[in-house]
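Enquirer: Next up is a structure, given as C-alpha cells.
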Amino acid sequence: MSLLQQVITIAIAAVTNFITRWSPFAIFTSSKKEQEELSPFIKGLGDFLPAAIMGMLVVYCYRNVNLLAGNHGLPDFLAGIITVVVHLWRRSMFLSLIVGTVSYIILINYVF
Amino acid sequence: MKNKHWENFRFALTTSSPVFFGYVILGLGYGLYMHNLGFSFWYPTLMAATIYGGSVEFIIATLLTQHFNPLNVLLITAVVGFRQFFYGISMLTKYPRHDWRKFLLLFGLTDETFVINYSLKVPAGYDKTTVQAWITLLDYLYWVLGAFLGGFLGSTLNLQIKGLDFVMTALFVVLALEQFMQEKSHISSLSGVVITIVCLLLFGKTYFLVATLLLLVGEYYFLYRRHQKAGE
C-alpha cells in the first residue's frame, strides 16, 4: 500500500467511525422536527438500551475466555466475582476496581 | 464555589481515572501491536487521534498491511462501530442538542465514555455538560497518550504487568452492577446479558454485537407495541 492509500484507508475509517457516533443526533434532532419532542418510541428505546448495553459490554469483555481449554477462564470469573462482592460490601468504585484488578493480576501470574 | 472551571475539571479527572489506567494500558498494547506490524509510532498515534475507536484501530492496523480495499474498510468500520449508533440514541436526552461542545461529545463517544457519561451524576454547583465534555476530552487524551507510548517505546519497553487490562472489565462489571441495583425492572439488563451470550455462541466474535443490538431493538419494539395495545 502506498502512503496515499494508507492515508485514504485511515481517513475512511475515521469518517465512518465518526458517522456511527454522530448520526443519531443528526437524524433525530435536526431539520424541522427540531422543536418537537422526540418520538416516544425513540425516546423509550434510549431509556431501554443502556442497561442492556452495559450487560452486553460485560459479556464483551469475556468474549476471549475459552471455557473448554486452558484455565477455563477461572481467573477472569473469580476476579469478576471478587469485584462484585467487594462492590456490594463497600460500594466504592475505586476500591472495587483496585481489588478486582489486583486479584486478577495475582491469579493470572501466580495461581493459574 | 470559588473556581467553577477548576472544580468541574477536577470532578471529571476523578471520575475518569479508571479510564486513565484502562486506556493507557490498552493504548500501550495497541501501540506495541502496530510496532510489531512494522509501523512507526506516528501510525498508532495519528490513528488513535483521528479514528479514536480501539477495536476499529486494531482491525485497520492489519488492513494496512494488506491490499488497498476502501470498500472493505468502510464496511468493517461500520459493522464494528455499529453499536455506537445506539449509544447516540441513548444519549439523545443526556447530551445537549445545541452546544458548541456537541462535536467533541459525539466524536468521543466510546464504550467507556458512554457508560461513564450516561450514568454520571454531578453534585449541586457542578455543570453536567461541562463535566461530560472534560471526561470525553480526558479519555481521548489518555487513549492517544497510550497509543503514542506503545508505539514510541516499542520493543525497548520490557515492563509489562500481565493482567492489568482487567481494570476495563472491572469497570464495566461495577457500572453494570450499579445500574442493576438502581433499576426498577431488570428486563433490559438481563436481556443484555442473555442475548449477548446467545449471540456470541451463535454468531461468533465478529458479528455478535451487531446481532445483539438488532435483537434488543426488536425486543423493545415488541414491548412497546404490547404496552401500546394495553393502553388502548
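Here, A, B, ... name the chains of the C-alpha cells in the order displayed, residue numbers run from 1 inside each chain, and ligands are numbered from 1 in the same displayed order.
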Would you tabulate, counting only C-alpha atoms, all residues of chain B that have an atom at most 7 Å from an atom of chain A, showing the closest pair of atoms and their distance in Å to one decimal, sorted by chain then ascending number, as CSV?

Expert:
```
residue,atom,partner,partner_atom,distance
B:Met47,CA,A:Ile10,CA,6.8
B:Thr50,CA,A:Ala14,CA,5.7
B:Ile51,CA,A:Ala14,CA,4.0
B:Leu64,CA,A:Gln6,CA,6.4
B:His67,CA,A:Met1,CA,6.2
B:Phe68,CA,A:Met1,CA,6.0
B:Pro70,CA,A:Thr9,CA,6.1
B:Val73,CA,A:Ala13,CA,6.3
B:Leu74,CA,A:Ile12,CA,6.2
B:Thr77,CA,A:Ala13,CA,5.8
B:Ala78,CA,A:Thr16,CA,6.3
B:Gly81,CA,A:Asn17,CA,5.9
B:Phe82,CA,A:Thr20,CA,6.2
B:Gln84,CA,A:Arg21,CA,5.3
B:Phe85,CA,A:Thr20,CA,5.0
B:Gly88,CA,A:Pro24,CA,5.4
B:Ile89,CA,A:Gly46,CA,5.4
B:Ser90,CA,A:Gly46,CA,3.8
B:Leu92,CA,A:Phe25,CA,6.6
B:Leu106,CA,A:Trp22,CA,5.6
B:Phe107,CA,A:Phe18,CA,5.8
B:Leu109,CA,A:Arg21,CA,6.4
B:Lys162,CA,A:Ile105,CA,6.5
B:Gly163,CA,A:Ile105,CA,4.9
B:Leu164,CA,A:Ile105,CA,6.4
B:Phe166,CA,A:Thr101,CA,5.6
B:Val167,CA,A:Thr101,CA,5.4
B:Thr169,CA,A:Cys61,CA,5.7
B:Ala170,CA,A:Leu97,CA,5.6
B:Leu171,CA,A:Leu97,CA,6.4
B:Phe172,CA,A:Val58,CA,5.7
B:Val173,CA,A:Val58,CA,6.0
B:Val174,CA,A:Val84,CA,6.8
B:Ala176,CA,A:Met54,CA,5.3
B:Gln179,CA,A:Ala51,CA,6.5
B:Ser188,CA,A:Ala52,CA,4.9
B:Ser189,CA,A:Ala52,CA,4.4
B:Leu190,CA,A:Ala52,CA,6.9
B:Ser191,CA,A:Ala52,CA,6.2
B:Gly192,CA,A:Ala52,CA,3.8
B:Val193,CA,A:Gly55,CA,4.8
B:Thr196,CA,A:Met56,CA,5.6
B:Ile197,CA,A:Val59,CA,6.7
B:Lys205,CA,A:Arg63,CA,6.9
B:Tyr220,CA,A:Leu45,CA,6.7
```

Enquirer: Got a sec to tell me which of range 155-222 of chain B DSSP assigns to helix (DSSP H, G or I), as a PyMOL selection string?

Expert: chain B and resi 155-156+166-182+187-222

Enquirer: Using CA of Phe21 in chain B and CA of Leu149 in chain B as the two end points, give the distance in Å to one decimal.

Expert: 13.3 Å

Enquirer: Write out as a ChimeraX atom specification each polymer residue whose atoms come within 10 Å of Trp134 in chain B, counting only C-alpha atoms; drop sequence neighbours fewer than 3 positions from it.

Expert: /B:8-13,16,101,104-105,128-131,137-140

Enquirer: Could the residues in this selection be saved with N, CA and C atoms as a compact mmCIF listing (two decimals), in the first residue's frame?

Expert:
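Now in selection_4.txt:
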```
# COMPACT_ATOMS: atom_id res chain seq x y z
N ASN B 8 -15.11 21.72 38.07
CA ASN B 8 -15.67 20.82 37.06
C ASN B 8 -14.58 19.91 36.50
N PHE B 9 -13.43 20.50 36.23
CA PHE B 9 -12.31 19.73 35.68
C PHE B 9 -11.85 18.67 36.67
N ARG B 10 -11.74 19.06 37.94
CA ARG B 10 -11.27 18.11 38.96
C ARG B 10 -12.23 16.95 39.13
N PHE B 11 -13.52 17.26 39.06
CA PHE B 11 -14.53 16.21 39.17
C PHE B 11 -14.39 15.23 38.00
N ALA B 12 -14.18 15.78 36.80
CA ALA B 12 -14.01 14.93 35.60
C ALA B 12 -12.75 14.08 35.71
N LEU B 13 -11.70 14.68 36.27
CA LEU B 13 -10.42 13.98 36.42
C LEU B 13 -10.59 12.76 37.34
N SER B 16 -12.89 10.07 35.66
CA SER B 16 -12.32 9.38 34.51
C SER B 16 -11.07 8.59 34.88
N ARG B 101 -19.97 22.20 22.32
CA ARG B 101 -19.14 21.03 22.63
C ARG B 101 -19.74 19.73 22.10
N LEU B 104 -17.39 17.48 20.10
CA LEU B 104 -16.46 16.73 20.97
C LEU B 104 -17.17 15.56 21.64
N LEU B 105 -18.35 15.84 22.22
CA LEU B 105 -19.09 14.81 22.95
C LEU B 105 -19.42 13.62 22.05
N LYS B 128 -23.14 19.76 34.46
CA LYS B 128 -23.05 18.40 33.95
C LYS B 128 -22.42 18.34 32.56
N THR B 129 -22.88 19.20 31.66
CA THR B 129 -22.33 19.16 30.30
C THR B 129 -20.84 19.45 30.31
N THR B 130 -20.43 20.40 31.14
CA THR B 130 -19.00 20.72 31.20
C THR B 130 -18.21 19.53 31.71
N VAL B 131 -18.72 18.86 32.76
CA VAL B 131 -18.02 17.69 33.28
C VAL B 131 -17.97 16.60 32.22
N LEU B 137 -12.91 14.61 26.73
CA LEU B 137 -11.60 15.07 26.27
C LEU B 137 -10.46 14.32 26.97
N LEU B 138 -10.61 14.12 28.30
CA LEU B 138 -9.57 13.42 29.05
C LEU B 138 -9.41 11.97 28.55
N ASP B 139 -10.55 11.27 28.38
CA ASP B 139 -10.50 9.90 27.88
C ASP B 139 -9.75 9.84 26.55
N TYR B 140 -10.06 10.81 25.70
CA TYR B 140 -9.41 10.89 24.38
C TYR B 140 -7.89 11.04 24.53
```

Enquirer: Have a look at B:Phe39, B:Tyr52, B:Tyr126, B:Trp143 and name the one nearest to Val24 in chain B; count only C-alpha atoms.

Expert: B:Trp143
